[in-house]
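Before any comments, here is the structure.
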Amino acid sequence: MIYPYIPHTDEDRAQMLEALGLSSVDRLFEVVGEDLLLEDSVPIAHRRTEDEVQRMIDSIAQRNIRGISFLGGGCYDHIIPSTVKALSSLPSFVTAYTPYQAEMSQGLLQAIFEFQSMICEITSMDIANASLYDGSHAIVEAALLMVNAKRGAKKVLVSETIHPFALKALGTWVLGTEYEVVPIREKDGVVDLSGLVIGDDVGGLIVQSPNRYGFVEDYSGIADLLHEHKALFAISSDPLSLAIQKTPGQWGADIAVGDTQSLGLGLSFGGPSCGYMAVKQPLLRRIPGRLVGITTDAEGRRGFTLTLQAREQHIKRERATSNICSNQALAALMTTIHLSSLGWHGMVEAARQSYAKAHYLAHHLGQLPGVEVMNAHPFWCEFPVVFHDAKRMRKFLQELRNEGIFAGVRLSALTRKDTDELVLLVAVTEKRSREELEMYIAAAQRVMK
Amino acid sequence: MIEPLLIDKSKKGRLAYCYPSLDLPRSFDQEFAYLPSHLQREGSARLPEVSELDVVRHFTRLSRMVHGVDNGMYPLGSCTMKYNPKLGEEIARMAQFTEIHPLQDISTVQGCLSVMYNLLEDLSSITGMSWGSLQPCAGSHGEYTGLKMIRSYFLKKGDVGRTKVLIPVSAHGTNPASAAVNGFDVVEIASNRKGLVDLADLKSKLSDEVAALMLTNPNTLGLFEEDILEISEAVHEAGALLYYDGANLNAIMGKVRPGDMGFDVLHLNLHKTFSTPHGGGGPGSGPVMVNDLLRPFLPKPDIDLREGGYVFDWDRPDSIGKVSMFWGNFLVFLRAYVYILRMGSEGLRAAANHAVLNANYLAKKLAPYYEIPHTGGIMHEFVISVKNYKEQYGVTAEDFAKALIDEGYHPPTVYFPLIVDEALMIEPTESESLESLDAFIAALIRIAEKAKSDPASLKKAPVSTPVGRLDQVKAVKDAKVRY
């Protein structure tokens, strides 16, 4: 039987078996033993041709429905320049392995170096790694770094306003370990850092801005307080928001984390996205994951290579700073191409327009009966709308969906709490046109009148 | 060929992308307040200011300084660098998938959920396990998840003393690292002369303090652990569980099932076994699969097919919770699903057969020139040792690797597994034809001859690349990791 991904002809097989002095390929599996070798194929479908698979997938794809998206909750529908898809699809980028062999991977290493540099520039930090899995993973790695960096540290303080799924991922991490995640309560939608108690067993504090509601938080004085107690400060942010809001570095944070989904990655049902982590210089040897550095060859030519690998699992095994091996390199490349295309000017434009359009929609929704727009704090591109009753909220979502509009993310879908049932997170990016905003407003007015 | 950093080509005022201008009513500017100044960013970030063509040329040039499977043979042991079908790439770029938000109403994402559900069904059949979760984003993330489930399983039973995980010395570095991240103590198990788990050593280390044994089978020497049933019995008798590192599943896919070997939990590497591209280091996908015992502990939400369609099931009280932001690397699932659809059950078996045939053919042809310390039952990969060349001619495994670069090949994995001196670990995969194997053999023979006749020349390799061997000490000392 012929498979297009297996090039062997009958003649090839015969020749190879002859070289091995074997009568059949089965002989090579004798070591497995009869008890374990399956006689038949596993019960999955028979092979299909390319055309058959394409048709099948087309029909599956039709069961996905796209809409004009005002959905956020950690994943946003931003404009992506055409360069991103075209250049990140170049076959050698797509089909290469991790650049362990530096001499034949210079292009990939340089692209990662540029990624690291851009993340440092955006977050105002010193060192960024080559990527982590996603924003929640970056937060878990930050927590792990905190308990490892300080002797006797067992606790990590975590704001309750970080993304609910990231909080769940932290909950998974501490299961069965000696570590503890201590939640820091919120007050009116932002973290309440007054009365922060930082004991000797506290490794650090993790906060997020814009937070789970979209609010921009104020961390005045927090870094100094933590540093007095030798605890670390980590801020998680949507990196696009850092074009306009104060950066982790400017707040005095030691660690900046987040997800570059908003920088060229699209929605893709939530993955792949790309976690990032950037740290201050003293944490150079503690940062998890791969790092690319500049060096020279024997002739003095500039070259890039993976470096400081003594932190990593393939060298240090159980004493590594993290267990991460594969990361999200191709997604990091997409972000690098995206940022290269936008430049600083474009990045600011995307962040500002998202801000303006979100405030325009919030302004109009705020005038509707039956809902309240929570705006006690500054927000960027996402804001919570509280409905007075559940029935009306369902009708609102349904009617807007009928017009092709995905009106928002129910907070309860993230927190899994009934008490959040009436809260809708509405996200607006620069991609939403004036016409789409007016459609939303008009439909909302009809439902809520 | 040196490509400057893009930032060094910046010219103020040059643009590669233009946003549509903001078209809100002018009067609106007065109706909302901008961020208060103390919350505003100070200063700008240095990003390239270049034209669109500058961006295109920069990344196109960089891509020419990268070697992928599409460029040439990639016999990198334990990484299964097989061909990544173009159909998968095409489908993973369909807007009907890339433009779907993870938090859309469930009725609008039935296509995505059907891919995930059907993929899980196929993976269950292939591995002989009950069910799984697609959330883990890579192999080591799968290990983390699987070990967390083991931890939760014992805690639920009230068995709090099982704090150790046994790991063979030949294991991937991620195994002990993942165990440590989960708070386990790592205990190493010796290999015997054949390169397999030393049963006596294993049995002496099993106790009521052991939570699990992590095993790769075939192991990192490419050998099938022929005592696996006895190992499984011993581990379970001690009350511990058996973890399968699926990195090497390609050797036995569709022919032998980890579930039948007695494994309780495993992770797969969709980016190895199921032909999804490595992307220069990721994104991968590391689904965990479990038997009935561990099923309650799978990450949530689970995916279920109920009347009316697919749903996310969050009502799983014993679940370890979430391990990734949303549902995992969906576009990777899609590619793996397409691969399985294309190959079918017989095709997966054929892939394993040919991967093993190719490795054995290579080993046979190379044996006259290279020492292969462990030859008993080679499967999909094997490890050669150039210890003799090092002793006699001073040529190391690294020198052989760099010389292969000048022959146009990506080198095998070097200096791993740790139990073989001067190791080169070769995995051809089923993708390579007889002609391409013969060419690779010829290249290795040429290098072996050169190692004897002109060892100094190998020390200088590679010479065909944009840069030669790099100063690693300087890279660490200077630690220049950004512009």
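Labels used: A, B, ... for chains in the order of the structure tokens, numbers from 1 for residues in each chain, and numbers from 1 for ligands as shown.
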Would you pick out the contacts of Val373 of chain A at 12 Å or less, using only C-alpha atoms, so that residues sharing its chain but fewer than 4 positions from it are not included, and give the list as a ChimeraX atom specification?
/A:213,358-359,361-369,377,379,382-388,422-426
Using C-alpha atoms, can you export the residues from the last selection as an mmCIF file, in the first residue's frame?
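Here's the written file result_35.cif:
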```cif
data_model
loop_
_atom_site.group_PDB
_atom_site.id
_atom_site.type_symbol
_atom_site.label_atom_id
_atom_site.label_comp_id
_atom_site.auth_asym_id
_atom_site.auth_seq_id
_atom_site.Cartn_x
_atom_site.Cartn_y
_atom_site.Cartn_z
ATOM 1 C CA TYR A 213 -12.598 43.454 34.486
ATOM 2 C CA ALA A 358 -14.180 51.166 24.039
ATOM 3 C CA HIS A 359 -14.994 54.423 25.794
ATOM 4 C CA LEU A 361 -19.321 52.203 23.390
ATOM 5 C CA ALA A 362 -19.214 52.380 27.191
ATOM 6 C CA HIS A 363 -20.544 55.923 27.042
ATOM 7 C CA HIS A 364 -23.551 54.877 24.982
ATOM 8 C CA LEU A 365 -24.279 51.675 26.912
ATOM 9 C CA GLY A 366 -24.105 53.711 30.111
ATOM 10 C CA GLN A 367 -27.171 55.643 28.982
ATOM 11 C CA LEU A 368 -29.353 52.540 28.606
ATOM 12 C CA PRO A 369 -31.945 51.540 31.179
ATOM 13 C CA HIS A 377 -11.814 53.046 37.646
ATOM 14 C CA PHE A 379 -10.168 51.126 31.859
ATOM 15 C CA GLU A 382 -12.627 46.250 28.053
ATOM 16 C CA PHE A 383 -15.256 47.131 30.659
ATOM 17 C CA PRO A 384 -17.908 45.356 32.715
ATOM 18 C CA VAL A 385 -21.611 45.940 32.190
ATOM 19 C CA VAL A 386 -23.947 44.816 34.970
ATOM 20 C CA PHE A 387 -27.466 43.804 33.994
ATOM 21 C CA HIS A 388 -30.361 44.194 36.388
ATOM 22 C CA LEU A 422 -25.150 39.395 35.581
ATOM 23 C CA VAL A 423 -21.782 40.798 34.583
ATOM 24 C CA LEU A 424 -20.876 41.076 30.908
ATOM 25 C CA LEU A 425 -17.326 41.961 29.843
ATOM 26 C CA VAL A 426 -17.407 44.023 26.672
#
```
When you look at Ile91 of chain B with a cut-off of 12 Å (counting only C-alpha atoms), what residues show up, excluding the ones that are within fewer than 5 positions of it in the same chain? I need them as number ranges by chain.
A: 50-51, 53-58, 60-61, 268; B: 85-86, 96-98, 330-339
Selected residues written out with C-alpha atoms, as a PDB file, in the first residue's frame:
```pdb
ATOM      1  CA  GLU A  50      -6.385  14.980   0.611  1.00  0.00           C
ATOM      2  CA  ASP A  51      -9.573  15.866  -1.179  1.00  0.00           C
ATOM      3  CA  VAL A  53     -10.093  15.282   4.239  1.00  0.00           C
ATOM      4  CA  GLN A  54     -10.525  18.794   2.855  1.00  0.00           C
ATOM      5  CA  ARG A  55     -14.241  18.178   2.265  1.00  0.00           C
ATOM      6  CA  MET A  56     -14.687  16.634   5.677  1.00  0.00           C
ATOM      7  CA  ILE A  57     -12.941  19.542   7.395  1.00  0.00           C
ATOM      8  CA  ASP A  58     -14.953  22.030   5.336  1.00  0.00           C
ATOM      9  CA  ILE A  60     -16.818  20.548  10.234  1.00  0.00           C
ATOM     10  CA  ALA A  61     -15.732  24.168   9.827  1.00  0.00           C
ATOM     11  CA  SER A 268      -7.669  30.506  16.959  1.00  0.00           C
TER      12      SER A 268
ATOM     13  CA  PRO B  85       2.069  17.655   5.561  1.00  0.00           C
ATOM     14  CA  LYS B  86       1.097  20.838   3.737  1.00  0.00           C
ATOM     15  CA  GLN B  96     -13.329  29.357  10.063  1.00  0.00           C
ATOM     16  CA  PHE B  97     -10.857  28.210  12.732  1.00  0.00           C
ATOM     17  CA  THR B  98      -8.470  31.120  13.183  1.00  0.00           C
ATOM     18  CA  PHE B 330      -6.075  24.259  19.085  1.00  0.00           C
ATOM     19  CA  LEU B 331      -4.397  24.818  15.717  1.00  0.00           C
ATOM     20  CA  VAL B 332      -1.944  22.052  16.615  1.00  0.00           C
ATOM     21  CA  PHE B 333      -4.839  19.668  17.380  1.00  0.00           C
ATOM     22  CA  LEU B 334      -6.267  20.457  13.994  1.00  0.00           C
ATOM     23  CA  ARG B 335      -3.057  19.503  12.186  1.00  0.00           C
ATOM     24  CA  ALA B 336      -2.727  16.257  14.157  1.00  0.00           C
ATOM     25  CA  TYR B 337      -6.347  15.395  13.431  1.00  0.00           C
ATOM     26  CA  VAL B 338      -5.774  15.962   9.709  1.00  0.00           C
ATOM     27  CA  TYR B 339      -2.710  13.704   9.865  1.00  0.00           C
TER      28      TYR B 339
END
```
Based on DSSP run over this structure's backbone, return all residues of segment 65-196 of chain A in strand (DSSP E or B), as a PyMOL selection string.
chain A and resi 68-69+96+127-128+132+155-159+180-184+186-187+190-191
What does the structure give for the distance between atom CA of Leu17 of chain A and atom CA of Met253 of chain B, in Å to one decimal?
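We find that atom CA of Leu17 of chain A and atom CA of Met253 of chain B lie 20.7 Å from each other.
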Can you pull out every residue within 8 Å of Pro164 of chain A, counting only C-alpha atoms, but drop anything in the same chain fewer than 6 positions away, and send it as number ranges by chain?
A: 212, 414-415
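The shell of residues at most 12 Å from Gly308 of chain B, with only C-alpha atoms counted and near chain neighbours (fewer than 4 positions) removed, consists of B:Ile106, B:Ser107, B:Gln110, B:Asp304.
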Keeping only N, CA and C atoms, write the selected residues to a file as a compact mmCIF listing (two decimals), in the first residue's frame.
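Listed below is the output, selection07.txt:
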```
# COMPACT_ATOMS: atom_id res chain seq x y z
N ILE B 106 -21.27 28.23 23.19
CA ILE B 106 -20.93 26.85 22.82
C ILE B 106 -21.61 26.41 21.52
N SER B 107 -22.79 26.98 21.24
CA SER B 107 -23.51 26.59 20.02
C SER B 107 -22.80 27.08 18.76
N GLN B 110 -19.20 24.44 17.60
CA GLN B 110 -19.36 22.98 17.52
C GLN B 110 -18.32 22.35 16.60
N ASP B 304 -17.64 16.80 26.27
CA ASP B 304 -18.59 15.70 26.25
C ASP B 304 -19.53 15.87 25.07
```
Members of segment 34-198 of chain B assigned alpha helix (DSSP H) by DSSP, as an mmCIF file with N, CA and C atoms, in the first residue's frame:
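Writing done, so here's states_35.cif:
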```cif
data_model
loop_
_atom_site.group_PDB
_atom_site.id
_atom_site.type_symbol
_atom_site.label_atom_id
_atom_site.label_comp_id
_atom_site.auth_asym_id
_atom_site.auth_seq_id
_atom_site.Cartn_x
_atom_site.Cartn_y
_atom_site.Cartn_z
ATOM 1 N N GLU B 52 7.211 48.218 4.611
ATOM 2 C CA GLU B 52 6.708 46.839 4.538
ATOM 3 C C GLU B 52 7.722 45.940 3.826
ATOM 4 N N LEU B 53 8.335 46.439 2.780
ATOM 5 C CA LEU B 53 9.313 45.623 2.058
ATOM 6 C C LEU B 53 10.543 45.329 2.933
ATOM 7 N N ASP B 54 10.911 46.297 3.774
ATOM 8 C CA ASP B 54 12.018 46.037 4.708
ATOM 9 C C ASP B 54 11.687 44.845 5.605
ATOM 10 N N VAL B 55 10.456 44.831 6.110
ATOM 11 C CA VAL B 55 10.032 43.726 6.983
ATOM 12 C C VAL B 55 10.079 42.409 6.208
ATOM 13 N N VAL B 56 9.546 42.431 5.005
ATOM 14 C CA VAL B 56 9.475 41.212 4.197
ATOM 15 C C VAL B 56 10.892 40.686 3.904
ATOM 16 N N ARG B 57 11.772 41.584 3.502
ATOM 17 C CA ARG B 57 13.128 41.119 3.170
ATOM 18 C C ARG B 57 13.880 40.629 4.406
ATOM 19 N N HIS B 58 13.688 41.334 5.498
ATOM 20 C CA HIS B 58 14.387 40.946 6.734
ATOM 21 C C HIS B 58 14.029 39.509 7.124
ATOM 22 N N PHE B 59 12.755 39.234 7.238
ATOM 23 C CA PHE B 59 12.368 37.895 7.711
ATOM 24 C C PHE B 59 12.576 36.824 6.637
ATOM 25 N N THR B 60 12.495 37.209 5.375
ATOM 26 C CA THR B 60 12.798 36.234 4.325
ATOM 27 C C THR B 60 14.281 35.860 4.387
ATOM 28 N N ARG B 61 15.139 36.864 4.590
ATOM 29 C CA ARG B 61 16.575 36.563 4.717
ATOM 30 C C ARG B 61 16.845 35.716 5.953
ATOM 31 N N LEU B 62 16.193 36.056 7.048
ATOM 32 C CA LEU B 62 16.395 35.240 8.255
ATOM 33 C C LEU B 62 15.972 33.798 7.992
ATOM 34 N N SER B 63 14.878 33.641 7.285
ATOM 35 C CA SER B 63 14.371 32.269 7.068
ATOM 36 C C SER B 63 15.357 31.450 6.234
ATOM 37 N N ARG B 64 16.197 32.138 5.447
ATOM 38 C CA ARG B 64 17.194 31.403 4.657
ATOM 39 C C ARG B 64 18.352 30.930 5.526
ATOM 40 N N LYS B 86 1.564 19.484 4.092
ATOM 41 C CA LYS B 86 1.097 20.838 3.737
ATOM 42 C C LYS B 86 -0.410 20.992 3.931
ATOM 43 N N LEU B 87 -1.130 19.883 3.824
ATOM 44 C CA LEU B 87 -2.586 19.974 4.027
ATOM 45 C C LEU B 87 -2.894 20.492 5.428
ATOM 46 N N GLY B 88 -2.133 20.026 6.405
ATOM 47 C CA GLY B 88 -2.342 20.473 7.787
ATOM 48 C C GLY B 88 -2.129 21.971 7.918
ATOM 49 N N GLU B 89 -1.105 22.479 7.209
ATOM 50 C CA GLU B 89 -0.831 23.922 7.255
ATOM 51 C C GLU B 89 -1.983 24.704 6.634
ATOM 52 N N GLU B 90 -2.465 24.183 5.528
ATOM 53 C CA GLU B 90 -3.554 24.875 4.830
ATOM 54 C C GLU B 90 -4.796 24.939 5.727
ATOM 55 N N ILE B 91 -5.116 23.815 6.335
ATOM 56 C CA ILE B 91 -6.329 23.760 7.151
ATOM 57 C C ILE B 91 -6.183 24.590 8.427
ATOM 58 N N ALA B 92 -4.987 24.607 8.987
ATOM 59 C CA ALA B 92 -4.777 25.385 10.215
ATOM 60 C C ALA B 92 -4.826 26.887 9.944
ATOM 61 N N ALA B 95 -9.883 30.541 7.953
ATOM 62 C CA ALA B 95 -10.487 31.580 8.795
ATOM 63 C C ALA B 95 -11.596 31.018 9.688
ATOM 64 N N GLN B 96 -12.255 29.942 9.230
ATOM 65 C CA GLN B 96 -13.329 29.357 10.063
ATOM 66 C C GLN B 96 -12.783 28.764 11.366
ATOM 67 N N PHE B 97 -11.475 28.639 11.463
ATOM 68 C CA PHE B 97 -10.857 28.210 12.732
ATOM 69 C C PHE B 97 -10.087 29.355 13.393
ATOM 70 N N THR B 98 -9.329 30.097 12.577
ATOM 71 C CA THR B 98 -8.470 31.120 13.183
ATOM 72 C C THR B 98 -9.276 32.310 13.702
ATOM 73 N N GLN B 110 -19.200 24.437 17.599
ATOM 74 C CA GLN B 110 -19.362 22.983 17.519
ATOM 75 C C GLN B 110 -18.315 22.349 16.597
ATOM 76 N N GLY B 111 -17.873 23.075 15.601
ATOM 77 C CA GLY B 111 -16.834 22.544 14.714
ATOM 78 C C GLY B 111 -15.530 22.313 15.469
ATOM 79 N N CYS B 112 -15.107 23.319 16.237
ATOM 80 C CA CYS B 112 -13.865 23.195 17.017
ATOM 81 C C CYS B 112 -13.975 22.043 18.012
ATOM 82 N N LEU B 113 -15.125 21.993 18.700
ATOM 83 C CA LEU B 113 -15.282 20.951 19.716
ATOM 84 C C LEU B 113 -15.320 19.566 19.089
ATOM 85 N N SER B 114 -15.882 19.478 17.899
ATOM 86 C CA SER B 114 -15.937 18.165 17.259
ATOM 87 C C SER B 114 -14.522 17.694 16.895
ATOM 88 N N VAL B 115 -13.677 18.620 16.463
ATOM 89 C CA VAL B 115 -12.275 18.256 16.183
ATOM 90 C C VAL B 115 -11.617 17.738 17.461
ATOM 91 N N MET B 116 -11.814 18.455 18.568
ATOM 92 C CA MET B 116 -11.158 18.072 19.821
ATOM 93 C C MET B 116 -11.686 16.729 20.329
ATOM 94 N N TYR B 117 -13.001 16.558 20.264
ATOM 95 C CA TYR B 117 -13.608 15.326 20.769
ATOM 96 C C TYR B 117 -13.162 14.116 19.937
ATOM 97 N N ASN B 118 -13.209 14.284 18.637
ATOM 98 C CA ASN B 118 -12.833 13.162 17.770
ATOM 99 C C ASN B 118 -11.338 12.852 17.849
ATOM 100 N N LEU B 119 -10.540 13.897 18.023
ATOM 101 C CA LEU B 119 -9.110 13.662 18.201
ATOM 102 C C LEU B 119 -8.868 12.873 19.485
ATOM 103 N N LEU B 120 -9.560 13.255 20.558
ATOM 104 C CA LEU B 120 -9.394 12.527 21.823
ATOM 105 C C LEU B 120 -9.826 11.070 21.685
ATOM 106 N N GLU B 121 -10.896 10.852 20.930
ATOM 107 C CA GLU B 121 -11.337 9.464 20.704
ATOM 108 C C GLU B 121 -10.264 8.664 19.970
ATOM 109 N N ASP B 122 -9.704 9.265 18.924
ATOM 110 C CA ASP B 122 -8.667 8.561 18.157
ATOM 111 C C ASP B 122 -7.425 8.317 19.015
ATOM 112 N N LEU B 123 -7.030 9.328 19.787
ATOM 113 C CA LEU B 123 -5.841 9.159 20.629
ATOM 114 C C LEU B 123 -6.077 8.088 21.697
ATOM 115 N N SER B 124 -7.318 8.010 22.188
ATOM 116 C CA SER B 124 -7.640 6.957 23.159
ATOM 117 C C SER B 124 -7.477 5.579 22.518
ATOM 118 N N SER B 125 -7.979 5.443 21.294
ATOM 119 C CA SER B 125 -7.854 4.157 20.597
ATOM 120 C C SER B 125 -6.392 3.812 20.349
ATOM 121 N N ILE B 126 -5.629 4.809 19.941
ATOM 122 C CA ILE B 126 -4.232 4.558 19.582
ATOM 123 C C ILE B 126 -3.402 4.174 20.809
ATOM 124 N N THR B 127 -3.724 4.771 21.953
ATOM 125 C CA THR B 127 -2.906 4.530 23.146
ATOM 126 C C THR B 127 -3.477 3.441 24.048
ATOM 127 N N GLY B 139 5.257 18.656 25.546
ATOM 128 C CA GLY B 139 5.514 17.390 26.229
ATOM 129 C C GLY B 139 5.737 17.565 27.721
ATOM 130 N N SER B 140 6.595 18.506 28.091
ATOM 131 C CA SER B 140 6.895 18.643 29.518
ATOM 132 C C SER B 140 5.690 19.200 30.273
ATOM 133 N N HIS B 141 4.841 19.946 29.580
ATOM 134 C CA HIS B 141 3.601 20.419 30.195
ATOM 135 C C HIS B 141 2.668 19.228 30.448
ATOM 136 N N GLY B 142 2.700 18.254 29.541
ATOM 137 C CA GLY B 142 1.938 17.026 29.733
ATOM 138 C C GLY B 142 2.459 16.238 30.929
ATOM 139 N N GLU B 143 3.788 16.204 31.070
ATOM 140 C CA GLU B 143 4.385 15.514 32.224
ATOM 141 C C GLU B 143 3.931 16.169 33.526
ATOM 142 N N TYR B 144 4.004 17.489 33.542
ATOM 143 C CA TYR B 144 3.563 18.261 34.709
ATOM 144 C C TYR B 144 2.110 17.904 35.058
ATOM 145 N N THR B 145 1.279 17.848 34.035
ATOM 146 C CA THR B 145 -0.145 17.566 34.226
ATOM 147 C C THR B 145 -0.365 16.135 34.720
ATOM 148 N N GLY B 146 0.310 15.190 34.087
ATOM 149 C CA GLY B 146 0.152 13.788 34.460
ATOM 150 C C GLY B 146 0.611 13.527 35.889
ATOM 151 N N LEU B 147 1.754 14.120 36.248
ATOM 152 C CA LEU B 147 2.272 13.919 37.607
ATOM 153 C C LEU B 147 1.373 14.603 38.640
ATOM 154 N N LYS B 148 0.798 15.731 38.250
ATOM 155 C CA LYS B 148 -0.130 16.416 39.159
ATOM 156 C C LYS B 148 -1.349 15.533 39.425
ATOM 157 N N MET B 149 -1.796 14.831 38.398
ATOM 158 C CA MET B 149 -2.943 13.933 38.562
ATOM 159 C C MET B 149 -2.579 12.769 39.479
ATOM 160 N N ILE B 150 -1.371 12.260 39.320
ATOM 161 C CA ILE B 150 -0.907 11.174 40.193
ATOM 162 C C ILE B 150 -0.885 11.650 41.640
ATOM 163 N N ARG B 151 -0.360 12.861 41.832
ATOM 164 C CA ARG B 151 -0.311 13.448 43.177
ATOM 165 C C ARG B 151 -1.722 13.537 43.773
ATOM 166 N N SER B 152 -2.645 14.053 42.963
ATOM 167 C CA SER B 152 -4.020 14.229 43.441
ATOM 168 C C SER B 152 -4.684 12.890 43.743
ATOM 169 N N TYR B 153 -4.383 11.912 42.926
ATOM 170 C CA TYR B 153 -4.952 10.576 43.122
ATOM 171 C C TYR B 153 -4.554 10.028 44.498
ATOM 172 N N PHE B 154 -3.277 10.141 44.833
ATOM 173 C CA PHE B 154 -2.829 9.616 46.130
ATOM 174 C C PHE B 154 -3.354 10.459 47.291
ATOM 175 N N LEU B 155 -3.397 11.770 47.098
ATOM 176 C CA LEU B 155 -3.927 12.623 48.169
ATOM 177 C C LEU B 155 -5.382 12.287 48.443
ATOM 178 N N LYS B 156 -6.131 12.046 47.372
ATOM 179 C CA LYS B 156 -7.550 11.704 47.512
ATOM 180 C C LYS B 156 -7.703 10.395 48.303
ATOM 181 N N LYS B 157 -6.758 9.492 48.087
ATOM 182 C CA LYS B 157 -6.791 8.217 48.822
ATOM 183 C C LYS B 157 -6.282 8.360 50.242
ATOM 184 N N THR B 174 13.385 16.532 30.904
ATOM 185 C CA THR B 174 12.102 17.073 31.359
ATOM 186 C C THR B 174 11.482 16.193 32.444
ATOM 187 N N ASN B 175 11.732 14.879 32.420
ATOM 188 C CA ASN B 175 11.108 13.976 33.408
ATOM 189 C C ASN B 175 11.450 14.389 34.834
ATOM 190 N N PRO B 176 12.752 14.421 35.179
ATOM 191 C CA PRO B 176 13.072 14.851 36.549
ATOM 192 C C PRO B 176 12.664 16.301 36.835
ATOM 193 N N ALA B 177 12.770 17.177 35.832
ATOM 194 C CA ALA B 177 12.393 18.578 36.059
ATOM 195 C C ALA B 177 10.900 18.694 36.357
ATOM 196 N N SER B 178 10.070 17.951 35.629
ATOM 197 C CA SER B 178 8.629 18.005 35.865
ATOM 198 C C SER B 178 8.281 17.431 37.232
ATOM 199 N N ALA B 179 8.979 16.374 37.625
ATOM 200 C CA ALA B 179 8.749 15.782 38.945
ATOM 201 C C ALA B 179 9.089 16.802 40.034
ATOM 202 N N ALA B 180 10.204 17.505 39.849
ATOM 203 C CA ALA B 180 10.633 18.483 40.849
ATOM 204 C C ALA B 180 9.645 19.643 40.951
ATOM 205 N N VAL B 181 9.152 20.116 39.816
ATOM 206 C CA VAL B 181 8.183 21.225 39.826
ATOM 207 C C VAL B 181 6.921 20.810 40.591
#
```
Atom CA of Lys391 of chain A and atom CA of Glu160 of chain A are how many Å apart?
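If I compute the distance from atom CA of Lys391 of chain A to atom CA of Glu160 of chain A, I get 28.0 Å.
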So which residues touch segment 180-189 of chain A within 6 Å, counting only C-alpha atoms, skipping near sequence neighbours fewer than 4 positions away, as number ranges by chain?
A: 155-160
Residue neighbourhood Leu193 of chain A, 8 Å, only C-alpha atoms, exclusion window fewer than 2 positions, as a list in words:
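Neighbouring residues, sequence-local ones excluded: Ile184, Val191, Gly195, Leu196 and Ile222 of chain A.
All residues of protein, DNA or RNA that reach within 7 Å of Glu430 of chain B, judged by only C-alpha atoms and not counting those fewer than 6 positions away in the chain, are Ile6 of chain A; Ala351, His354, Ala355 and Asn358 of chain B.
The closest residue to chain A, picked from B:Lys11, B:Arg41, B:Lys272, B:Lys459 and counting only C-alpha atoms, is B:Arg41.
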Of the residues A:Ile44, A:Met16, A:Ala96, A:Ala86, which is the one nearest to Leu76 of chain B, using only C-alpha atoms?
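The closest residue to Leu76 of chain B is A:Ala96.
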